[in-house]
Amino acid sequence: MKLNKTKLALVVILGASTSFFAACNNQGSGGSQSETSESTEQANYENIVDEHIEAAGGLAALKKIKTIRKTSSVASKAATGNASGTTKEWYDLVADKGRITTDLGVYKESKGWVGQQGWRQNMLEPVRDTTAEELAVEKIGMAVSLIFTVKEAFGNAAFVTPSKATFNNRNCVLVKFVGSPVEVYLNGETKLIEGIVIPGFMSITYSDYRKIEGVQVAHKNKVDIIVMATKVTAQIEEIEFNIKLDAAEFSKPGSQKTVLDRDF
């Protein structure tokens, strides 16, 4: 299989979580990630991808998920101050559509996309087109399992040989992708995703896994957005799979409307 490295890099860099307010990590509370010395030996973990998919619920259950709707309570900490509120997310995995709205009281934002065409708006700026880089990060929250999504799209050729590593002081297996800086850390015992890192940009930690329709879903996420010196914690309050979504939810708002008019 000939792998399109550029396309793959885009897929996995957005695959991690969720957008800015929907995912998370706790480096500031003692979390850390690093490869162990054994990782340089490129230890053979040929089955780790399949073991993760099975632990996450299995191929059949993961393939059944076509749409997702979820609501999370969120809290952010930044140099400019702290805030809390709610994030709502809608994803159509088949049509590659997504929408995320965030209300933190002092800050409100809405963004969405259809394929590679995205838009965003907030309290400080009217609706505008999303850049390719922004869209890549925003799509991170679509994947129920980033590893599953990448394997379905590109097969085993997408993966670099996994290696032993530590993340957040836990023994993990580090999974990386061809042509991408994204690092996925699988818990050595549960085989579920412990964390995802985009070096120098963002680090995400996942916890509180619960089974929803046979699929393991991390209900608590912590993100450390390094480049913005911002930390966000999100707790899923409600999540639904395979519900009917209104196509209008993903449409780009009129440029004359603000986020307050449409979403809040």
# chains A, B, ... in the order shown; residues from 1 in each chain; ligands from 1
>>> select_by_dssp(residues="range 13-256 of chain A", states="helix (DSSP H, G or I)", output="PyMOL selection string")
chain A and resi 13-15+27-29+37-41+48-55+59-64+132-141+146-158+226-228+247-250
>>> residues_around(residues="Leu104 in chain A", least_positions_apart="3", cutoff="9 Å", atoms="only C-alpha atoms", output="VMD selection string")
chain A and resid 74 to 76 83 to 87 107 to 109
>>> closest_residue(among="A:Glu51, A:Leu59, A:Gly188, A:Cys172", to="Gly214 in chain A", atoms="only C-alpha atoms")
A:Leu59
>>> closest_residue(among="A:Leu245, A:Leu146, A:Ile48, A:Val223", to="Leu174 in chain A", atoms="only C-alpha atoms")
A:Ile48
>>> select_by_dssp(residues="range 79-188 of chain A", states="strand (DSSP E)", output="NGL selection string")
:A and (81-92 or 97-103 or 108-114 or 117-122 or 125-129 or 159-167 or 170-177 or 183-187)
>>> atom_distance(atom1="CA of Glu240 in chain A", atom2="CA of Ile68 in chain A")
5.7 Å
>>> closest_residue(among="A:Ile198, A:Leu186, A:Val160, A:Ile239", to="Lys211 in chain A", atoms="only C-alpha atoms")
A:Ile239
>>> atom_distance(atom1="CA of Gln235 in chain A", atom2="CA of Ala143 in chain A")
16.7 Å
>>> atom_distance(atom1="CA of Asn168 in chain A", atom2="CA of Lys191 in chain A")
14.9 Å
>>> closest_residue(among="A:Ile100, A:Tyr185, A:Val94, A:Ala78", to="Ile226 in chain A", atoms="only C-alpha atoms")
A:Ala78
>>> residues_around(residues="Glu89 in chain A", least_positions_apart="2", cutoff="6 Å", atoms="only C-alpha atoms", output="number ranges by chain")
A: 69-70, 99-100
>>> write_last_selection(atoms="N, CA and C atoms", output="CSV table (one decimal), in the first residue's frame")
chain,number,residue,atom,x,y,z
A,69,ARG,N,-23.0,12.7,19.6
A,69,ARG,CA,-23.4,14.0,20.2
A,69,ARG,C,-23.0,13.9,21.6
A,70,LYS,N,-22.3,14.9,22.1
A,70,LYS,CA,-22.0,14.9,23.5
A,70,LYS,C,-21.9,16.3,24.1
A,99,ARG,N,-19.2,19.9,14.6
A,99,ARG,CA,-19.5,21.2,15.1
A,99,ARG,C,-19.2,21.2,16.6
A,100,ILE,N,-18.6,22.3,17.1
A,100,ILE,CA,-18.3,22.4,18.5
A,100,ILE,C,-18.7,23.8,19.0
>>> closest_residue(among="A:Lys88, A:Lys97, A:Lys63, A:Lys252", to="Glu213 in chain A", atoms="only C-alpha atoms")
A:Lys63
